[in-house]
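This report refers to the structure that appears directly beneath it.
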Amino acid sequence: MNAAFRRYNEEWRFKEAPYPTTAELLKHIRQATPDSLKYIIEDMFETITLFENKAETAEYEDLGKDEFLVTLKVSAEKIRADSTGAETNIPINDWIDVGVYGKSKAGKDSLLYLKKHKITQKDNEFKIKVKSKPRKVGIDPLHKLIDRHSDDNTKGTLKKEDKV
């Protein structure tokens, strides 16, 4: 992005009218974007794209020696809305953050793990090892995507043997 903004600035700074539009900026963003990520331009700039990400279940297992295995089940849907507001589910094939939070020394949530995972289907399961006791886990936990119900992206963890 920085390279795209730099090239855009170099091309358009100190120019007289006619002034650039977003189309010129998008041209530079497209040039700087790898083919595998060009779908993000369409999702974020050219269409109304929404997500319905949800943390379904979250549990952990104490492996000893300050190591924990987190099992997270999530659902992820991608929705496209048209100009009238009609929504249609579309295939998901996106890199989405999955995160695990622990407790910091100050007692607040702190990220133990944050990594993008390729999501290609609605139902997904992740097994993640972390070095501190997990408190909360989720999909898109930093809310980077436009999610219709972002309050269900994260879920508190439950120790495996504590399950009812």
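Labels for the structure tokens follow display order: chains A, B, ..., residues from 1 in each chain, ligands from 1.
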What lies within 7 Å of A:Ile96 using only C-alpha atoms, ignoring chain neighbours under 6 positions off, as a CSV table (one decimal) with N, CA and C atoms, in the first residue's frame?
chain,number,residue,atom,x,y,z
A,116,LYS,N,-3.2,-15.1,9.8
A,116,LYS,CA,-4.2,-15.2,8.8
A,116,LYS,C,-4.3,-16.7,8.4
A,117,HIS,N,-5.5,-17.2,8.2
A,117,HIS,CA,-5.7,-18.5,7.7
A,117,HIS,C,-6.6,-18.4,6.5
A,118,LYS,N,-6.4,-19.3,5.5
A,118,LYS,CA,-7.2,-19.3,4.3
A,118,LYS,C,-8.5,-20.0,4.6
A,119,ILE,N,-9.6,-19.3,4.5
A,119,ILE,CA,-10.9,-19.8,4.7
A,119,ILE,C,-11.6,-20.1,3.4
A,140,ASP,N,-11.3,-13.2,13.0
A,140,ASP,CA,-11.3,-11.7,12.8
A,140,ASP,C,-11.5,-11.0,14.1
List the spatial neighbours of A:Ile128 as a list of chain:residue names - criterion: any atom at most 9 Å away, only C-alpha atoms, same-chain residues fewer than 5 positions off excluded.
A:Phe68, A:Leu69, A:Val70, A:Thr71, A:Leu72, A:Val100, A:Tyr113
Using DSSP on the backbone coordinates, identify all residues within chain A classified as strand (DSSP E or B); present the result as a PyMOL selection string.
chain A and resi 48-64+67-81+87-90+94-103+109-119+123-130+134-139+147+154-156+158-159
Give me a file of those residues, with C-alpha atoms, as an mmCIF file, in the first residue's frame.
data_model
loop_
_atom_site.group_PDB
_atom_site.id
_atom_site.type_symbol
_atom_site.label_atom_id
_atom_site.label_comp_id
_atom_site.auth_asym_id
_atom_site.auth_seq_id
_atom_site.Cartn_x
_atom_site.Cartn_y
_atom_site.Cartn_z
ATOM 1 C CA ILE A 48 -20.676 -4.072 -0.864
ATOM 2 C CA THR A 49 -19.116 -7.129 0.739
ATOM 3 C CA LEU A 50 -20.105 -8.316 4.200
ATOM 4 C CA PHE A 51 -19.040 -11.215 6.373
ATOM 5 C CA GLU A 52 -20.798 -13.351 8.932
ATOM 6 C CA ASN A 53 -17.957 -14.732 11.042
ATOM 7 C CA LYS A 54 -18.746 -16.554 14.269
ATOM 8 C CA ALA A 55 -16.751 -18.403 16.912
ATOM 9 C CA GLU A 56 -18.863 -21.503 17.541
ATOM 10 C CA THR A 57 -16.883 -23.424 20.182
ATOM 11 C CA ALA A 58 -13.589 -22.841 21.945
ATOM 12 C CA GLU A 59 -11.766 -25.155 24.299
ATOM 13 C CA TYR A 60 -8.225 -25.779 25.406
ATOM 14 C CA GLU A 61 -6.146 -28.591 26.774
ATOM 15 C CA ASP A 62 -3.261 -28.060 29.200
ATOM 16 C CA LEU A 63 -0.271 -29.876 27.685
ATOM 17 C CA GLY A 64 2.019 -29.017 30.618
ATOM 18 C CA GLU A 67 1.842 -25.081 26.654
ATOM 19 C CA PHE A 68 -1.829 -25.203 25.749
ATOM 20 C CA LEU A 69 -3.663 -26.655 22.748
ATOM 21 C CA VAL A 70 -6.634 -24.537 21.688
ATOM 22 C CA THR A 71 -9.386 -26.027 19.532
ATOM 23 C CA LEU A 72 -11.570 -23.435 17.864
ATOM 24 C CA LYS A 73 -14.552 -24.105 15.637
ATOM 25 C CA VAL A 74 -15.790 -21.186 13.564
ATOM 26 C CA SER A 75 -18.233 -20.478 10.800
ATOM 27 C CA ALA A 76 -17.495 -17.948 8.064
ATOM 28 C CA GLU A 77 -19.758 -16.662 5.321
ATOM 29 C CA LYS A 78 -19.224 -14.005 2.673
ATOM 30 C CA ILE A 79 -22.153 -11.941 1.456
ATOM 31 C CA ARG A 80 -22.465 -9.510 -1.438
ATOM 32 C CA ALA A 81 -25.170 -6.831 -1.360
ATOM 33 C CA GLU A 87 -27.895 -9.908 -0.176
ATOM 34 C CA THR A 88 -26.480 -13.048 -1.776
ATOM 35 C CA ASN A 89 -24.046 -15.522 -0.254
ATOM 36 C CA ILE A 90 -20.944 -15.898 -2.401
ATOM 37 C CA ASP A 94 -10.264 -15.365 1.896
ATOM 38 C CA TRP A 95 -7.330 -14.899 4.263
ATOM 39 C CA ILE A 96 -8.897 -14.108 7.654
ATOM 40 C CA ASP A 97 -7.234 -13.530 11.026
ATOM 41 C CA VAL A 98 -7.625 -16.125 13.767
ATOM 42 C CA GLY A 99 -6.570 -15.015 17.222
ATOM 43 C CA VAL A 100 -6.018 -16.320 20.733
ATOM 44 C CA TYR A 101 -6.011 -14.017 23.749
ATOM 45 C CA GLY A 102 -4.492 -14.623 27.146
ATOM 46 C CA LYS A 103 -4.281 -12.542 30.273
ATOM 47 C CA ASP A 109 -6.605 -9.440 27.347
ATOM 48 C CA SER A 110 -3.418 -9.683 25.291
ATOM 49 C CA LEU A 111 -2.875 -11.435 21.967
ATOM 50 C CA LEU A 112 -0.973 -14.709 22.251
ATOM 51 C CA TYR A 113 -1.524 -15.661 18.612
ATOM 52 C CA LEU A 114 -2.736 -13.811 15.533
ATOM 53 C CA LYS A 115 -2.344 -15.312 12.091
ATOM 54 C CA LYS A 116 -4.207 -15.222 8.792
ATOM 55 C CA HIS A 117 -5.737 -18.519 7.712
ATOM 56 C CA LYS A 118 -7.156 -19.342 4.291
ATOM 57 C CA ILE A 119 -10.904 -19.831 4.745
ATOM 58 C CA ASP A 123 -17.334 -24.553 8.878
ATOM 59 C CA ASN A 124 -13.696 -24.608 10.021
ATOM 60 C CA GLU A 125 -11.689 -26.035 12.901
ATOM 61 C CA PHE A 126 -8.298 -24.820 14.082
ATOM 62 C CA LYS A 127 -5.880 -26.378 16.542
ATOM 63 C CA ILE A 128 -3.397 -23.820 17.852
ATOM 64 C CA LYS A 129 -0.596 -24.203 20.419
ATOM 65 C CA VAL A 130 0.091 -21.236 22.696
ATOM 66 C CA PRO A 134 -6.010 -18.900 26.666
ATOM 67 C CA ARG A 135 -8.968 -16.792 27.798
ATOM 68 C CA LYS A 136 -10.654 -15.933 24.532
ATOM 69 C CA VAL A 137 -10.318 -16.962 20.873
ATOM 70 C CA GLY A 138 -11.904 -15.916 17.635
ATOM 71 C CA ILE A 139 -12.060 -15.298 13.930
ATOM 72 C CA ASP A 147 -19.205 -8.217 9.789
ATOM 73 C CA THR A 154 -14.796 -14.227 19.774
ATOM 74 C CA LYS A 155 -15.641 -16.691 22.494
ATOM 75 C CA GLY A 156 -14.229 -17.467 25.918
ATOM 76 C CA LEU A 158 -13.363 -23.665 28.290
ATOM 77 C CA LYS A 159 -10.908 -26.244 29.591
#
One residue among A:Pro91, A:Ser83, A:Leu37, A:Asp66 is nearest to A:Ser132 when using only C-alpha atoms, and that residue is A:Asp66
Looking at A:Ala106, A:Ile92, A:Ile41, A:Leu142, which one is nearest to A:His28, with distances taken over only C-alpha atoms?
A:Ile41
For atom CA of A:Ala3 and atom CA of A:Glu24, determine how far apart the two atoms are, in Å to one decimal place.
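Between atom CA of A:Ala3 and atom CA of A:Glu24 the gap works out to 14.2 Å.
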For a quick check of understanding, using only C-alpha atoms, which of A:Asn93, A:Asn153, A:Ser104, A:Gln121 has the smallest distance to A:Ser36?
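Closest to A:Ser36, using only C-alpha atoms: A:Asn93.
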